[in-house]
Every structure is written in C-alpha cells, then in structure tokens.
$ cat work-v8.cif   # mmCIF, C-alpha atoms
data_model
#
loop_
_atom_site.label_atom_id
_atom_site.label_comp_id
_atom_site.auth_asym_id
_atom_site.auth_seq_id
_atom_site.Cartn_x
_atom_site.Cartn_y
_atom_site.Cartn_z
CA MET A 1001 4.58 15.35 24.65
CA ASN A 1002 8.23 15.16 25.68
CA LEU A 1003 7.18 13.95 29.13
CA ASN A 1004 5.13 11.25 27.44
CA ALA A 1005 8.17 10.20 25.38
CA PHE A 1006 10.05 9.66 28.64
CA LEU A 1007 7.15 7.72 30.21
CA VAL A 1008 6.71 5.55 27.12
CA GLY A 1009 10.43 4.77 27.09
CA LEU A 1010 10.27 3.85 30.77
CA LEU A 1011 7.20 1.64 30.34
CA PHE A 1012 8.61 0.01 27.22
CA GLY A 1013 11.85 -0.75 29.06
CA LEU A 1014 9.97 -2.21 32.03
CA GLY A 1015 7.98 -4.38 29.63
CA LEU A 1016 11.19 -5.68 28.08
CA ILE A 1017 12.62 -6.53 31.52
CA VAL A 1018 9.42 -8.21 32.77
CA SER A 1019 9.04 -10.20 29.54
CA GLY A 1020 12.55 -11.69 29.65
CA MET A 1021 13.60 -10.06 26.35
CA THR A 1022 16.60 -8.41 28.00
CA ASP A 1023 18.29 -11.80 28.50
CA PRO A 1024 20.09 -12.72 25.24
CA SER A 1025 20.37 -16.40 26.24
CA LYS A 1026 16.58 -16.52 26.56
CA VAL A 1027 16.17 -14.84 23.16
CA ILE A 1028 18.51 -17.39 21.61
CA GLY A 1029 16.50 -20.12 23.36
CA PHE A 1030 13.44 -18.76 21.56
CA LEU A 1031 15.28 -18.75 18.21
CA ASP A 1032 16.65 -22.27 18.78
CA LEU A 1033 13.92 -24.36 17.15
CA ALA A 1034 16.20 -27.40 16.93
CA GLY A 1035 17.25 -27.24 20.58
CA THR A 1036 15.14 -26.99 23.71
CA TRP A 1037 12.86 -24.42 22.16
CA ASP A 1038 11.53 -21.83 24.62
CA PRO A 1039 8.34 -20.43 23.05
CA SER A 1040 7.59 -17.97 25.88
CA LEU A 1041 8.82 -14.95 23.93
CA ALA A 1042 6.09 -15.49 21.34
CA PHE A 1043 3.73 -14.42 24.13
CA VAL A 1044 5.55 -11.09 24.38
CA MET A 1045 4.66 -10.23 20.82
CA ALA A 1046 1.13 -11.60 21.26
CA GLY A 1047 0.54 -9.47 24.37
CA ALA A 1048 1.96 -6.35 22.73
CA ILE A 1049 -0.06 -6.78 19.53
CA LEU A 1050 -3.23 -7.48 21.53
CA ILE A 1051 -3.06 -3.94 22.93
CA GLY A 1052 -1.36 -2.42 19.90
CA ALA A 1053 -3.97 -3.59 17.38
CA GLY A 1054 -6.74 -1.64 19.13
CA ALA A 1055 -4.60 1.47 19.53
CA PHE A 1056 -3.39 1.49 15.92
CA THR A 1057 -6.92 0.92 14.60
CA MET A 1058 -7.92 4.11 16.44
CA ALA A 1059 -4.77 5.93 15.36
CA LYS A 1060 -5.29 5.13 11.66
CA LYS A 1061 -8.65 6.93 11.68
CA ARG A 1062 -7.14 10.16 12.99
CA GLN A 1063 -5.23 12.99 11.31
CA ARG A 1064 -3.79 14.18 14.61
CA SER A 1065 -2.92 12.54 17.92
CA LEU A 1066 -4.92 13.21 21.11
CA LEU A 1067 -2.31 15.86 21.97
CA GLY A 1068 -2.61 17.44 18.51
CA ALA A 1069 0.60 16.11 16.96
CA PRO A 1070 0.50 15.00 13.32
CA MET A 1071 -0.07 11.25 13.00
CA ARG A 1072 3.14 9.85 11.51
CA LEU A 1073 2.23 6.46 10.13
CA SER A 1074 3.94 5.04 7.08
CA THR A 1075 1.75 4.48 4.04
CA ALA A 1076 4.34 2.45 2.11
CA THR A 1077 3.22 -0.97 0.93
CA GLU A 1078 6.04 -2.03 -1.42
CA LEU A 1079 8.08 -5.08 -0.46
CA ASP A 1080 11.43 -3.92 -1.81
CA SER A 1081 14.90 -5.40 -1.47
CA ARG A 1082 15.96 -2.79 1.10
CA LEU A 1083 13.22 -3.98 3.45
CA LEU A 1084 13.80 -7.68 2.92
CA LEU A 1085 17.62 -7.72 2.76
CA GLY A 1086 17.80 -5.27 5.67
CA SER A 1087 15.56 -7.53 7.75
CA LEU A 1088 17.64 -10.55 6.76
CA VAL A 1089 20.85 -8.82 7.89
CA PHE A 1090 19.17 -7.67 11.11
CA GLY A 1091 17.96 -11.23 11.82
CA ILE A 1092 21.49 -12.62 11.41
CA GLY A 1093 22.84 -10.07 13.91
CA TRP A 1094 19.95 -10.82 16.27
CA GLY A 1095 20.64 -14.55 16.10
CA LEU A 1096 24.40 -14.07 16.58
CA SER A 1097 24.01 -12.02 19.75
CA GLY A 1098 20.48 -12.45 21.12
CA PHE A 1099 20.19 -8.65 21.16
CA CYS A 1100 17.76 -6.47 19.26
CA PRO A 1101 17.93 -2.67 19.72
CA GLY A 1102 15.50 -2.14 22.66
CA PRO A 1103 16.81 -4.82 25.02
CA ALA A 1104 20.40 -3.83 24.16
CA VAL A 1105 19.71 -0.25 25.29
CA VAL A 1106 18.12 -1.47 28.55
CA SER A 1107 20.99 -3.88 29.27
CA ALA A 1108 23.57 -1.21 28.49
CA ALA A 1109 21.87 1.13 30.97
CA ALA A 1110 21.77 -1.66 33.55
CA GLY A 1111 25.57 -1.77 33.36
CA GLN A 1112 26.32 -4.80 31.20
CA PRO A 1113 29.72 -4.14 29.53
CA LYS A 1114 28.94 -6.60 26.72
CA ALA A 1115 25.78 -4.62 25.95
CA TRP A 1116 27.91 -1.45 25.72
CA ILE A 1117 30.04 -3.13 23.05
CA PHE A 1118 26.95 -4.22 21.15
CA VAL A 1119 25.24 -0.80 21.36
CA ALA A 1120 28.41 1.05 20.29
CA SER A 1121 28.74 -1.26 17.31
CA MET A 1122 25.05 -0.96 16.43
CA LEU A 1123 25.30 2.86 16.48
CA ALA A 1124 28.37 2.59 14.26
CA GLY A 1125 26.32 0.45 11.86
CA MET A 1126 23.60 3.12 11.78
CA ALA A 1127 26.18 5.86 11.18
CA LEU A 1128 27.71 3.75 8.39
CA TYR A 1129 24.27 3.51 6.78
CA ASN A 1130 23.97 7.32 6.87
CA MET A 1131 27.39 7.68 5.23
CA ILE A 1132 26.52 5.20 2.49
CA GLU A 1133 23.17 6.91 1.87
CA ARG A 1134 24.74 10.39 1.67
CA ARG A 1135 27.38 9.21 -0.75
CA GLY A 1136 24.71 7.72 -2.99
CA LYS A 1137 22.90 11.04 -3.35
CA MET B 274 1.83 -27.47 25.35
CA ASN B 275 -0.37 -28.41 28.33
CA LEU B 276 -1.91 -26.16 30.92
CA SER B 277 0.81 -26.64 33.51
CA ASP B 278 3.33 -25.44 30.91
CA PHE B 279 1.26 -22.37 30.27
CA THR B 280 0.89 -21.46 33.92
CA HIS B 281 4.65 -21.76 34.27
CA SER B 282 5.82 -18.27 35.13
CA THR B 283 7.86 -17.55 31.99
CA TYR B 284 4.70 -17.57 29.85
CA ILE B 285 2.89 -15.28 32.26
CA ALA B 286 5.98 -13.07 32.42
CA GLY B 287 6.19 -12.95 28.63
CA LEU B 288 2.54 -12.06 28.27
CA SER B 289 2.65 -9.42 31.05
CA GLY B 290 5.78 -7.82 29.63
CA GLY B 291 4.16 -7.87 26.19
CA LEU B 292 1.06 -6.12 27.52
CA LEU B 293 3.27 -3.38 29.04
CA ILE B 294 5.08 -2.97 25.72
CA GLY B 295 1.70 -2.79 23.96
CA ILE B 296 0.46 -0.10 26.37
CA ALA B 297 3.67 1.89 25.79
CA ALA B 298 3.30 1.65 22.00
CA ALA B 299 -0.40 2.59 22.28
CA MET B 300 0.40 5.66 24.43
CA PHE B 301 3.05 6.78 21.96
CA VAL B 302 0.92 6.57 18.83
CA LEU B 303 -2.26 7.96 20.42
CA LEU B 304 -0.61 10.85 22.27
CA ASN B 305 2.51 11.65 20.21
CA GLY B 306 1.40 10.27 16.84
CA ARG B 307 4.62 8.29 16.57
CA ILE B 308 5.81 4.72 16.20
CA ALA B 309 7.67 3.34 19.23
CA GLY B 310 10.43 1.83 17.10
CA ILE B 311 13.74 1.69 18.92
CA SER B 312 16.03 1.38 15.89
CA GLY B 313 14.31 4.37 14.26
CA ILE B 314 14.58 6.44 17.43
CA LEU B 315 18.30 5.62 17.74
CA GLY B 316 18.90 6.08 14.01
CA GLY B 317 17.45 9.60 14.14
CA LEU B 318 19.95 10.50 16.85
CA VAL B 319 22.92 9.29 14.82
CA GLN B 320 21.75 11.28 11.78
CA ALA B 321 23.32 14.75 12.02
CA ASP B 322 20.77 16.57 9.85
CA LYS B 323 17.73 15.33 11.77
CA GLY B 324 16.33 18.15 13.91
CA ASP B 325 13.95 16.43 16.32
CA LYS B 326 16.41 15.19 18.90
CA THR B 327 14.66 16.13 22.17
CA TRP B 328 11.88 13.53 22.27
CA ARG B 329 14.31 10.85 21.07
CA VAL B 330 16.72 11.59 23.91
CA LEU B 331 13.87 11.63 26.45
CA PHE B 332 12.47 8.34 25.17
CA LEU B 333 15.90 6.72 25.51
CA LEU B 334 16.44 8.27 28.95
CA GLY B 335 13.13 6.71 30.02
CA MET B 336 14.27 3.40 28.64
CA ALA B 337 17.64 3.73 30.38
CA ALA B 338 15.82 4.51 33.64
CA SER B 339 13.74 1.32 33.43
CA PRO B 340 16.26 -1.06 35.07
CA PHE B 341 16.68 1.40 37.94
CA ALA B 342 12.91 1.77 38.37
CA TYR B 343 12.52 -2.02 38.25
CA ARG B 344 15.18 -2.43 40.96
CA ILE B 345 13.15 -0.30 43.39
CA ALA B 346 10.71 -3.20 43.79
CA PHE B 347 12.44 -6.30 42.39
CA ASN B 348 15.83 -7.80 41.69
CA LEU B 349 16.79 -7.51 38.03
CA PRO B 350 16.48 -10.87 36.27
CA ALA B 351 19.77 -12.66 35.58
CA VAL B 352 21.22 -11.97 32.15
CA THR B 353 23.54 -14.31 30.24
CA ILE B 354 25.39 -12.97 27.20
CA GLU B 355 27.11 -15.93 25.58
CA ALA B 356 28.55 -14.08 22.58
CA GLY B 357 32.19 -12.99 22.77
CA THR B 358 33.50 -9.54 21.92
CA ALA B 359 34.14 -10.14 18.19
CA GLN B 360 30.74 -11.76 17.78
CA LEU B 361 29.05 -8.83 19.56
CA ILE B 362 30.82 -6.28 17.35
CA ILE B 363 29.82 -8.09 14.15
CA ALA B 364 26.26 -8.62 15.42
CA GLY B 365 25.95 -4.95 16.42
CA LEU B 366 27.07 -3.77 12.98
CA LEU B 367 24.61 -6.13 11.28
CA VAL B 368 21.75 -5.02 13.53
CA GLY B 369 22.59 -1.33 12.99
CA LEU B 370 22.88 -1.65 9.22
CA GLY B 371 20.00 -4.10 8.77
CA THR B 372 17.45 -2.16 10.83
CA SER B 373 18.44 1.06 9.04
CA TYR B 374 17.85 -0.44 5.59
CA ALA B 375 14.67 -2.16 6.75
CA SER B 376 13.42 1.01 8.53
CA GLY B 377 12.61 -0.94 11.67
CA CYS B 378 13.31 -3.74 14.11
CA THR B 379 11.41 -5.97 16.54
CA SER B 380 9.53 -2.99 18.02
CA GLY B 381 8.83 -0.85 14.94
CA HIS B 382 7.94 -3.71 12.59
CA GLY B 383 7.27 -6.61 14.98
CA VAL B 384 5.00 -4.79 17.44
CA CYS B 385 3.81 -1.48 15.94
CA GLY B 386 3.79 -2.48 12.26
CA ILE B 387 1.97 -5.77 12.77
CA SER B 388 -0.49 -3.99 15.10
CA ARG B 389 -1.49 -1.63 12.31
CA GLY B 390 -1.65 -4.47 9.79
CA SER B 391 1.25 -3.29 7.60
CA ILE B 392 2.20 -5.77 4.89
CA ARG B 393 5.79 -4.47 4.92
CA SER B 394 6.08 -5.04 8.67
CA ILE B 395 4.63 -8.55 8.46
CA ALA B 396 7.14 -9.38 5.69
CA ALA B 397 10.01 -7.79 7.65
CA THR B 398 9.12 -9.70 10.83
CA LEU B 399 8.84 -13.04 9.02
CA THR B 400 12.21 -12.33 7.38
CA PHE B 401 14.18 -11.38 10.50
CA MET B 402 12.63 -14.19 12.55
CA THR B 403 13.51 -16.74 9.87
CA ALA B 404 17.04 -15.30 9.62
CA GLY B 405 17.32 -15.53 13.42
CA PHE B 406 16.14 -19.16 13.45
CA ILE B 407 18.60 -20.14 10.71
CA THR B 408 21.50 -18.22 12.30
CA VAL B 409 20.98 -19.90 15.67
CA TYR B 410 20.68 -23.29 13.98
CA LEU B 411 23.95 -22.74 12.11
CA THR B 412 25.92 -21.30 15.02
CA ARG B 413 24.62 -23.66 17.73
CA HIS B 414 24.12 -26.93 15.94
CA LEU B 415 26.49 -26.87 12.97
CA LEU B 416 29.38 -24.62 14.01
CA GLY B 417 29.07 -25.09 17.77
CA LEU B 418 29.85 -21.44 18.58
#
$ encode --input "work-v8.cif" --output "structure tokens"
Amino acid sequence: MNLNAFLVGLLFGLGLIVSGMTDPSKVIGFLDLAGTWDPSLAFVMAGAILIGAGAFTMAKKRQRSLLGAPMRLSTATELDSRLLLGSLVFGIGWGLSGFCPGPAVVSAAAGQPKAWIFVASMLAGMALYNMIERRGK
Amino acid sequence: MNLSDFTHSTYIAGLSGGLLIGIAAAMFVLLNGRIAGISGILGGLVQADKGDKTWRVLFLLGMAASPFAYRIAFNLPAVTIEAGTAQLIIAGLLVGLGTSYASGCTSGHGVCGISRGSIRSIAATLTFMTAGFITVYLTRHLLGL
C-alpha cells in the first residue's frame, strides 16, 4: 500500500506536468476570463473526472479497498461557512500566485526557488490553522 | 472553439495530463481507500498528533520524483512565475489556510470530490474557481500587478 502511495504520487505529478498545471502563468491564463482566456486547463479536470467518476462509483459500493484498507470517503453533505469561506480564501491565493498545492510541490521539487517560497508559506498557513484549531478546543 | 483549436497541442496535453491524474486518483481510492488530495496529505504531515505519516511521505516523494522521471524522456516544460516574493508569501498563506478550512483543494475537491458526486466538493470547486477568476481580474485588469 505504501508502494502504491509512491506510485500514485509519481503518476499524479507526471499528470500535472503533462497537463501544463505546473506553469503558474498558464494557470493564470486559464483564470483570466477577461484577457486572452486559455481554456485548455478545463480539459485537465474533464480528463481526470472522466476516469475518476468510474473509479469512485466502484469505490462507493465497497467497505474496503481492493487491498483490504478501510474505504475513507467523507459522508458530509453540509455546505457550511468553513467550506465556503475556506474555498474563497484558497481561490484568492490561487489567483494571486497561479499555484495550487500539487503543482507547487512538483515545481518545488523541480528546483524552482519561487515555488520553495510558496510551499514554505503554504505549510506555515496549514500549521497556523492547526494552532488556531487547538486553541479553540 | 473550432476543430483546429481543439487539435492544438495544449488541449491534447491538458486532456492527457488529466487522464493520468484521473488514473492516479482511481488507483489511490481503489487500492488504498483514500482520496488523492494534496492539501490534505500535506496538512496531515504538518499536524503533530497525526500518526499516519509514512504513506503521506511516500506519496509526496513520488510526486517530488515526477519531474526527474519526466526528464528521462522529455525536457521539462518552461515555467513562468510572475508573482514576486511578497505576493507568493501571501498567496501561500491563503492557500494553506483556505484549503485547511475547506478540507481540500483542486485535487481533493476538484477531481476526487466531483468524481464521487459530492455536493460539498462541487460547491467548493465553484467557489475557489470564482474567487480565482475575480482575483485575476482584479490584479491583472484593475490593479495591473
């Protein structure tokens, strides 16, 4: 199962590189509806969901994975403010930089110093969230 | 869009990359029973009291190996990062905080969540895409950053 985690990470990363998602200027081109909009990244999501929809339909019917691990799928359905405000804040950061977490990790590994800055800051943001959550308990 | 636009390589590249991402997400849920959500995988590493670190580290090592594997056969595509240091720091903090509160990002909600038909993931994806569109409009066309 750990070997599969490595292989999935590798394949996911290759997909991000092939798709063009690892280039922030391309991502911003996709988000720039008022400029010379580049819709090609919509095909990334379409391709991924095409495969994913079949796999998740199978997964939802199972209690355990093919390797016997418990199936960890969220059952939450509530549209709360944490989900919506969190996504809003994420989208602002995505639009400011052109980076979302996966491509940032790949670019950091490829040796882009600006991606190191972004990833360090993103990890700090995640750690900050943990601190805030612990304090609230 | 006409056919010659579609056959232009960036659409084919986008679709092919998307199919690879879909296969990766499918392998992860069917074999490991888990969501291939990058922010969640990273978030679990930053959280001190979370025990299951091994698979997270291996997933990220695989991801970090991907540019090196790609380079065996091809040249890495050119990457342009227009944002300056301050902008990257602010953006990173927002992405880290936002994806933590939202329990997911482009991969966890956008790919895996939509694939399983989750209402929360559809709402999250519509929200972060809209926020991204508006942010780029403001920064590029109104503020000229």
$ resolve_selection --input "work-v8.cif" --expression "the PyMOL selection byres ((chain B and resi 334) around 10)" --output "NGL selection string"
(:A and (1005-1007 or 1009-1010 or 1105-1106 or 1109)) or (:B and (328-333 or 335-339))
$ atom_distance --input "work-v8.cif" --atom1 "atom CA of B:Thr327" --atom2 "atom CA of A:Leu1083"
27.5 Å
$ axis_aligned_box --input "work-v8.cif" --around "stretch 313-324 of chain B" --padding-each-side "6 Å" --output "JSON"
{"center_x": 18.8, "center_y": 11.3, "center_z": 13.8, "size_x": 21.0, "size_y": 25.8, "size_z": 19.9}
$ residues_around --input "work-v8.cif" --residues "stretch 1127-1135 of chain A" --least-positions-apart "5" --cutoff "8 Å" --atoms "all atoms listed in the file" --output "list in words"
Gly316, Val319, Gln320, Leu370, Ser373 and Tyr374 of chain B
$ resolve_selection --input "work-v8.cif" --expression "the PyMOL selection byres ((chain A and resi 1125) around 8)" --output "PyMOL selection string"
(chain A and resi 1121-1124+1126-1129) or (chain B and resi 365-370)
$ resolve_selection --input "work-v8.cif" --expression "the PyMOL selection byres ((chain A and resi 1077) around 6)" --output "PyMOL selection string"
(chain A and resi 1076+1078) or (chain B and resi 393)
$ closest_residue --input "work-v8.cif" --among "A:Phe1099, A:Phe1043, A:Trp1116, A:Trp1037" --to "chain B" --atoms "only C-alpha atoms"
A:Phe1043
$ residues_near_point --input "work-v8.cif" --point "(7.1, -0.7, 16.0)" --cutoff "12 Å" --atoms "all atoms listed in the file" --output "MDAnalysis selection string"
(chainID A and resid 1012 1045 1048:1049 1052:1053 1056 1073:1074 1101:1102) or (chainID B and resid 294:295 297:299 301:302 307:314 372 376:391 393:395 397:398)
$ write_last_selection --input "work-v8.cif" --atoms "C-alpha atoms" --output "mmCIF file, in the coordinates of the input"
data_model
loop_
_atom_site.group_PDB
_atom_site.id
_atom_site.type_symbol
_atom_site.label_atom_id
_atom_site.label_comp_id
_atom_site.auth_asym_id
_atom_site.auth_seq_id
_atom_site.Cartn_x
_atom_site.Cartn_y
_atom_site.Cartn_z
ATOM 1 C CA PHE A 1012 8.610 0.010 27.220
ATOM 2 C CA MET A 1045 4.660 -10.230 20.820
ATOM 3 C CA ALA A 1048 1.960 -6.350 22.730
ATOM 4 C CA ILE A 1049 -0.060 -6.780 19.530
ATOM 5 C CA GLY A 1052 -1.360 -2.420 19.900
ATOM 6 C CA ALA A 1053 -3.970 -3.590 17.380
ATOM 7 C CA PHE A 1056 -3.390 1.490 15.920
ATOM 8 C CA LEU A 1073 2.230 6.460 10.130
ATOM 9 C CA SER A 1074 3.940 5.040 7.080
ATOM 10 C CA PRO A 1101 17.930 -2.670 19.720
ATOM 11 C CA GLY A 1102 15.500 -2.140 22.660
ATOM 12 C CA ILE B 294 5.080 -2.970 25.720
ATOM 13 C CA GLY B 295 1.700 -2.790 23.960
ATOM 14 C CA ALA B 297 3.670 1.890 25.790
ATOM 15 C CA ALA B 298 3.300 1.650 22.000
ATOM 16 C CA ALA B 299 -0.400 2.590 22.280
ATOM 17 C CA PHE B 301 3.050 6.780 21.960
ATOM 18 C CA VAL B 302 0.920 6.570 18.830
ATOM 19 C CA ARG B 307 4.620 8.290 16.570
ATOM 20 C CA ILE B 308 5.810 4.720 16.200
ATOM 21 C CA ALA B 309 7.670 3.340 19.230
ATOM 22 C CA GLY B 310 10.430 1.830 17.100
ATOM 23 C CA ILE B 311 13.740 1.690 18.920
ATOM 24 C CA SER B 312 16.030 1.380 15.890
ATOM 25 C CA GLY B 313 14.310 4.370 14.260
ATOM 26 C CA ILE B 314 14.580 6.440 17.430
ATOM 27 C CA THR B 372 17.450 -2.160 10.830
ATOM 28 C CA SER B 376 13.420 1.010 8.530
ATOM 29 C CA GLY B 377 12.610 -0.940 11.670
ATOM 30 C CA CYS B 378 13.310 -3.740 14.110
ATOM 31 C CA THR B 379 11.410 -5.970 16.540
ATOM 32 C CA SER B 380 9.530 -2.990 18.020
ATOM 33 C CA GLY B 381 8.830 -0.850 14.940
ATOM 34 C CA HIS B 382 7.940 -3.710 12.590
ATOM 35 C CA GLY B 383 7.270 -6.610 14.980
ATOM 36 C CA VAL B 384 5.000 -4.790 17.440
ATOM 37 C CA CYS B 385 3.810 -1.480 15.940
ATOM 38 C CA GLY B 386 3.790 -2.480 12.260
ATOM 39 C CA ILE B 387 1.970 -5.770 12.770
ATOM 40 C CA SER B 388 -0.490 -3.990 15.100
ATOM 41 C CA ARG B 389 -1.490 -1.630 12.310
ATOM 42 C CA GLY B 390 -1.650 -4.470 9.790
ATOM 43 C CA SER B 391 1.250 -3.290 7.600
ATOM 44 C CA ARG B 393 5.790 -4.470 4.920
ATOM 45 C CA SER B 394 6.080 -5.040 8.670
ATOM 46 C CA ILE B 395 4.630 -8.550 8.460
ATOM 47 C CA ALA B 397 10.010 -7.790 7.650
ATOM 48 C CA THR B 398 9.120 -9.700 10.830
#
$ closest_residue --input "work-v8.cif" --among "A:Ser1081, A:Gly1093, A:Met1021, A:Pro1039" --to "chain B" --atoms "all atoms listed in the file"
A:Gly1093
$ closest_residue --input "work-v8.cif" --among "A:Arg1062, A:Ser1107, A:Lys1137, A:Phe1090" --to "chain B" --atoms "only C-alpha atoms"
A:Phe1090
$ atom_distance --input "work-v8.cif" --atom1 "atom CA of B:Tyr410" --atom2 "atom CA of A:Leu1085"
19.4 Å
$ residues_around --input "work-v8.cif" --residues "B:Leu292" --least-positions-apart "3" --cutoff "7 Å" --atoms "only C-alpha atoms" --output "number ranges by chain"
A: 1047-1048, 1051; B: 288-289, 295-296
$ atom_distance --input "work-v8.cif" --atom1 "atom CA of A:Gly1095" --atom2 "atom CA of A:Ala1110"
21.7 Å
$ closest_residue --input "work-v8.cif" --among "A:Thr1036, A:Arg1072, A:Gln1063, A:Gly1111" --to "chain B" --atoms "all atoms listed in the file"
A:Arg1072
$ closest_residue --input "work-v8.cif" --among "B:Gly357, B:Pro350, B:Thr412, B:Gly291" --to "chain A" --atoms "all atoms listed in the file"
B:Gly291
$ closest_residue --input "work-v8.cif" --among "A:Cys1100, A:Leu1084, A:Ile1117, A:Leu1011" --to "A:Val1027" --atoms "only C-alpha atoms"
A:Cys1100
$ residues_around --input "work-v8.cif" --residues "B:Glu355" --least-positions-apart "6" --cutoff "10 Å" --atoms "all atoms listed in the file" --output "list in words"
Pro1024, Ser1025, Ile1028, Leu1096, Ser1097, Gly1098 and Lys1114 of chain A; Leu361 and Leu418 of chain B
$ build_atoms --input "work-v8.cif" --residues "stretch 1083-1106 of chain A" --atoms "N, CA and C atoms" --output "mmCIF file, in the frame of the given file"
data_model
loop_
_atom_site.group_PDB
_atom_site.id
_atom_site.type_symbol
_atom_site.label_atom_id
_atom_site.label_comp_id
_atom_site.auth_asym_id
_atom_site.auth_seq_id
_atom_site.Cartn_x
_atom_site.Cartn_y
_atom_site.Cartn_z
ATOM 1 N N LEU A 1083 13.969 -3.473 2.292
ATOM 2 C CA LEU A 1083 13.220 -3.980 3.450
ATOM 3 C C LEU A 1083 13.608 -5.427 3.742
ATOM 4 N N LEU A 1084 13.625 -6.247 2.689
ATOM 5 C CA LEU A 1084 13.800 -7.680 2.920
ATOM 6 C C LEU A 1084 15.259 -8.032 3.224
ATOM 7 N N LEU A 1085 16.206 -7.444 2.470
ATOM 8 C CA LEU A 1085 17.620 -7.720 2.760
ATOM 9 C C LEU A 1085 18.029 -7.102 4.090
ATOM 10 N N GLY A 1086 17.520 -5.907 4.377
ATOM 11 C CA GLY A 1086 17.800 -5.270 5.670
ATOM 12 C C GLY A 1086 17.315 -6.146 6.814
ATOM 13 N N SER A 1087 16.106 -6.678 6.689
ATOM 14 C CA SER A 1087 15.560 -7.530 7.750
ATOM 15 C C SER A 1087 16.354 -8.819 7.886
ATOM 16 N N LEU A 1088 16.820 -9.334 6.746
ATOM 17 C CA LEU A 1088 17.640 -10.550 6.760
ATOM 18 C C LEU A 1088 18.943 -10.302 7.531
ATOM 19 N N VAL A 1089 19.597 -9.177 7.222
ATOM 20 C CA VAL A 1089 20.850 -8.820 7.890
ATOM 21 C C VAL A 1089 20.612 -8.586 9.386
ATOM 22 N N PHE A 1090 19.522 -7.899 9.709
ATOM 23 C CA PHE A 1090 19.170 -7.670 11.110
ATOM 24 C C PHE A 1090 18.966 -9.011 11.827
ATOM 25 N N GLY A 1091 18.245 -9.934 11.184
ATOM 26 C CA GLY A 1091 17.960 -11.230 11.820
ATOM 27 C C GLY A 1091 19.225 -12.032 12.094
ATOM 28 N N ILE A 1092 20.212 -11.915 11.193
ATOM 29 C CA ILE A 1092 21.490 -12.620 11.410
ATOM 30 C C ILE A 1092 22.181 -12.034 12.647
ATOM 31 N N GLY A 1093 22.220 -10.709 12.738
ATOM 32 C CA GLY A 1093 22.840 -10.070 13.910
ATOM 33 C C GLY A 1093 22.104 -10.406 15.198
ATOM 34 N N TRP A 1094 20.783 -10.482 15.106
ATOM 35 C CA TRP A 1094 19.950 -10.820 16.270
ATOM 36 C C TRP A 1094 20.259 -12.245 16.736
ATOM 37 N N GLY A 1095 20.360 -13.162 15.766
ATOM 38 C CA GLY A 1095 20.640 -14.550 16.100
ATOM 39 C C GLY A 1095 22.066 -14.760 16.624
ATOM 40 N N LEU A 1096 23.004 -13.942 16.127
ATOM 41 C CA LEU A 1096 24.400 -14.070 16.580
ATOM 42 C C LEU A 1096 24.577 -13.616 18.025
ATOM 43 N N SER A 1097 23.786 -12.626 18.431
ATOM 44 C CA SER A 1097 24.010 -12.020 19.750
ATOM 45 C C SER A 1097 22.874 -12.257 20.738
ATOM 46 N N GLY A 1098 21.644 -12.402 20.241
ATOM 47 C CA GLY A 1098 20.480 -12.450 21.120
ATOM 48 C C GLY A 1098 19.979 -11.059 21.489
ATOM 49 N N PHE A 1099 20.600 -10.026 20.884
ATOM 50 C CA PHE A 1099 20.190 -8.650 21.160
ATOM 51 C C PHE A 1099 19.457 -8.046 19.966
ATOM 52 N N CYS A 1100 18.318 -7.399 20.229
ATOM 53 C CA CYS A 1100 17.760 -6.470 19.260
ATOM 54 C C CYS A 1100 17.866 -5.078 19.918
ATOM 55 N N PRO A 1101 17.569 -3.990 19.196
ATOM 56 C CA PRO A 1101 17.930 -2.670 19.720
ATOM 57 C C PRO A 1101 17.377 -2.327 21.115
ATOM 58 N N GLY A 1102 16.084 -2.541 21.369
ATOM 59 C CA GLY A 1102 15.500 -2.140 22.660
ATOM 60 C C GLY A 1102 16.171 -2.806 23.851
ATOM 61 N N PRO A 1103 16.171 -4.131 23.899
ATOM 62 C CA PRO A 1103 16.810 -4.820 25.020
ATOM 63 C C PRO A 1103 18.285 -4.462 25.182
ATOM 64 N N ALA A 1104 18.983 -4.197 24.068
ATOM 65 C CA ALA A 1104 20.400 -3.830 24.160
ATOM 66 C C ALA A 1104 20.552 -2.500 24.904
ATOM 67 N N VAL A 1105 19.654 -1.544 24.608
ATOM 68 C CA VAL A 1105 19.710 -0.250 25.290
ATOM 69 C C VAL A 1105 19.460 -0.430 26.790
ATOM 70 N N VAL A 1106 18.445 -1.248 27.127
ATOM 71 C CA VAL A 1106 18.120 -1.470 28.550
ATOM 72 C C VAL A 1106 19.292 -2.147 29.260
#
